[in-house]
Each structure stands twice: as C-alpha cells, then as structure tokens.
Amino acid sequence: MKKWPWMGLIPVAFLAGRLSAQNADARDPYAGLDTYARVLSTIQTWYVEERSQEELVWRSLEGMDDALDRHSAFYPPAVWKGILRDGEGSFLGMGVECSWENDHFRVLRVAKDGPAEGAGIRAGDQLWRIDGVVLGELGEEEARRLLVGDVGKISQLEVEREGQRSTLLLPQLPVPRLDVEVRREGNQAVITLGSFRVGTAASFGEKLNDLGLIPGLVIDLRGNPGGSLDEAIGIAELFLDEGLVVRVRARAMAEEEHRSHSGGEFPAPVAVLIDGQSASAAEVLAGALQRRGRAALFGSRSWGKGSVQRFYEYEDGSALKLTFARYYLPDDSSVEGRGLEPDFHEEPAVGEDRPLRAALEWLRKQAPPG
C-alpha cells in the first residue's frame with residue numbers, strides 16, 4: 001500500500017530542518033514541502049481564528065485536485081468512510097448515488113422504488129441545498145453527512161434540472177441496491193445494469209442463462225456510472241468471439257490487453273441503451289460490443305470517462321482516488337471527454353421510453369424470418 005510521508009499530522013520542525021528552499025534539488029520529489037510547512041505554521045500561529053492542522057492539511061490536499069484531471073480526488077477520513085459505507089450493498093438515506101462537483105452534488109443513479117425516484121429525481125439532477133443548508137458552503141465531507149442522514153428523517157432538497165430549481169421533501173430510508181435487474185418485453189428481455197461491482201458479471205450471467213432461448217436482448221446501461229473494469233469485461237465475454245475487448249495504457253506500467261476467449265455464449269441480437277450518465281466501465285462494455293459489431297447502441301451520447309482510477313488508503317483514514325491509466329476500445333479509440341455516439345439517437349419523451357421502444361423494434365427486425 002502506498003504511503004505518503006506527509007499525510008496526517010506534519011511535523012513542521014522536521015520538514016523545515018530536512019528541506020530548505022536554498023538547497024532543495026529541483027528533482028527532489030519533496031521540493032517545496034519546506035514552503036508548505038512554513039505556510040502551515042504561519043497560518044496556525046497568526047490566523048485570526050484557530051484552525052486544526054488536520055483540517056488545513058486535508059483542505060490543501062483537496063485543492064491539489066485542481067492540478068489533476070476531473071476524476072482524481074482526495075477524500076478526508078469522514079468522506080472516505082461514507083463512500084465505503086455506500087458501497088456495502090445498499091443506498092442509504094434518499095436512494096441516490098451522487099458525485100461531488102465543486103459546490104453541489106450531481107445525481108449518478110436513483111434507486112428503484114426509493115424515496116428519490118418517488119419524488120421524481122433523475123440521474124443528472126443537481127442538489128444544491130439540503131434542509132436549507134447551501135452545500136457549497138460546507139464542502140464534500142459535511143455535505144455527505146446531510147445526504148445520508150438519520151433513518152426516518154424528512155429532508156428538504158433543492159434540486160436543479162435544466163436550469164430550473166425546485167424544492168422536494170424526501171424521507172431517509174434504507175434502500176436495497178439492485179445492480180442487475182431483468183424483465184420480459186414480450187418474447188424479448190431487458191437486463192438493467194445499475195453499476196459494475198464485484199459479482200455483477202456472475203449475477204448477469206445467471207440471469208441471462210435463466211432467460212433461456214430468446215430472440216433478442218436489451219442491455220440497459222442508462223444512468224450506470226461504471227465500476228469494476230473486470231466485471232464489464234466478464235459480461236462482454238458472454239457476447240463476443242475471441243478478440244480484443246479493451247486496452248489499458250498507463251505511464252507507470254506496461255500496456256495491457258484484455259481479450260474475450262469464451263467465443264460468445266449468447267447467440268441472439270443485442271441492443272444497448274446509453275445516455276449522458278453512462279460512464280467508465282459502462283462505456284467499455286457498450287463500446288466493445290459496438291466496435292466489434294455485436295450490438296447497436298440506442299439513446300444519447302455517453303458521459304465520456306475513458307480513464308481508470310485506483311484508490312490509495314492512508315493510515316489516518318483518508319484516501320486518494322488517482323487516475324493512473326486510460327482505456328482504449330477495440331478500434332483504438334478513446335471515449336475520454338468524447339463519449340460514445342449511439343447508432344440510433346433517441347431521447348425519452350414524457351410518458352414514453354423512446355430509446356427502449358426503438359431498441360425492441362430494431363431487435364424484432366433482426367429476427368430471422370419464419
């Protein structure tokens with residue numbers, strides 16, 4: 001596990017003695033930390049209000065995000081603990097998964113049959129206030145504490161969609177997380193993937209097997225923020241003959257190729273639904289199926305996250321999410337900042353799921369006559 005010597009409490013006197021602005025080598029990886037330590041000491045001594053060393057260090061590390069890409073982030077202990085808790089198998093609170101974007105939350109996914117879905121919240125909505133508190137004045141750590149409140153509490157949310165803001169009341173409830181859901185549409189089937197977690201590929205394979213022989217399948221990746229690359233590759237193998245699924249390229253490691261080997265176990269045509277919230281591993285799966293000619297994409301352009309992150313945890317309970325690689329589809333293209341363009345562009349309408357209807361109609365036309 002990677003350890004940074006300057007995480008947690010920083011012994012100012014030690015750093016000042018070891019490093020100095022006069023003799024620090026320009027190639028020294030710790031060059032500049034003497035200035036950091038002096039600034040920290042000055043603030044603690046002279047700032048008009050007392051600030052703890054932990055708070056100053058964590059806030060400065062969060063500010064380091066500005067020098068990295070949009071996917072890298074530092075998480076103080078309380079925030080990281082909440083993220084781990086959110087990943088333990090259920091949505092907590094209002095039934096939403098959110099990402100922090102500077103001064104507000106963006107909704108990544110809404111739990112089926114949860115309070116947020118019942119109130120009409122959708123993926124892509126922005127949350128600006130909770131119980132009258134402006135989230136941008138708190139920062140992510142405190143904001144997440146409001147987002148995941150006490151069970152039974154009624155929370156007031158200020159939600160923005162397409163420039164219009166409204167206020168909603170939602171109860172805080174434990175909501176089960178369902179990553180793989182299946183339903184029939186006539187003689188065809190729709191499998192919805194909410195995210196890619198450990199076991200998602202196995203669960204998907206079991207549900208696909210239970211469907212038996214069907215003339216067509218829709219894989220719904222709308223609102224899917226991604227997750228485990230291995231799980232996405234595992235699902236791709238169910239549909240692809242032997243060949244490339246995705247390449248991973250990084251500065252600090254050799255290029256990796258991930259290939260399918262199963263020969264494709266599912267013979268029928270496949271349609272994939274994507275939208276502006278489909279990202280990361282969801283784009284790997286959709287892109288591999290599209291570029292290998294195994295599926296047609298329906299919906300709208302995907303999010304455009306063509307990078308891979310690792311989490312580095314530290315002894316004080318904090319963590320760093322760092323982009324260390326980018327992935328490339330079978331045709332060597334990247335979705336980073338671009339997204340996937342669907343083969344058939346369809347936008348949902350009020351009371352009508354046009355992308356799904358178009359996908360089902362396309363599948364019917366692919367069925368052999370007779």
# chains A, B, ... in the order shown; residues from 1 in each chain; ligands from 1
>>> residues_around(residues="Arg247 of chain A", least_positions_apart="3", cutoff="8 Å", atoms="only C-alpha atoms", output="number ranges by chain")
A: 244, 255-258, 327-330, 332
>>> residues_around(residues="Ser278 of chain A", least_positions_apart="2", cutoff="9 Å", atoms="only C-alpha atoms", output="count of residues only")
20
>>> residues_around(residues="Gly124 of chain A", least_positions_apart="3", cutoff="10 Å", atoms="only C-alpha atoms", output="PyMOL selection string")
chain A and resi 98+105-110+121+127+160-162+223+276-277
>>> closest_residue(among="A:Arg184, A:Lys207, A:Arg59, A:Arg294", to="Val245 of chain A", atoms="only C-alpha atoms")
A:Arg294
>>> closest_residue(among="A:Asp179, A:Glu142, A:Asp125, A:Glu352", to="Gln164 of chain A", atoms="only C-alpha atoms")
A:Asp125
>>> atom_distance(atom1="atom CA of Ile191 of chain A", atom2="atom CA of Phe344 of chain A")
19.1 Å
>>> closest_residue(among="A:Gln172, A:Thr35, A:Ser228, A:Gln44", to="Ser195 of chain A", atoms="only C-alpha atoms")
A:Ser228
>>> residues_around(residues="Asp220 of chain A", least_positions_apart="3", cutoff="8 Å", atoms="only C-alpha atoms", output="list in words")
Val190, Ile191, Thr192, Leu193, Val272, Leu273 and Ile274 of chain A
>>> closest_residue(among="A:Gly118, A:Pro267, A:Pro76, A:Gly234", to="Val284 of chain A", atoms="only C-alpha atoms")
A:Gly234
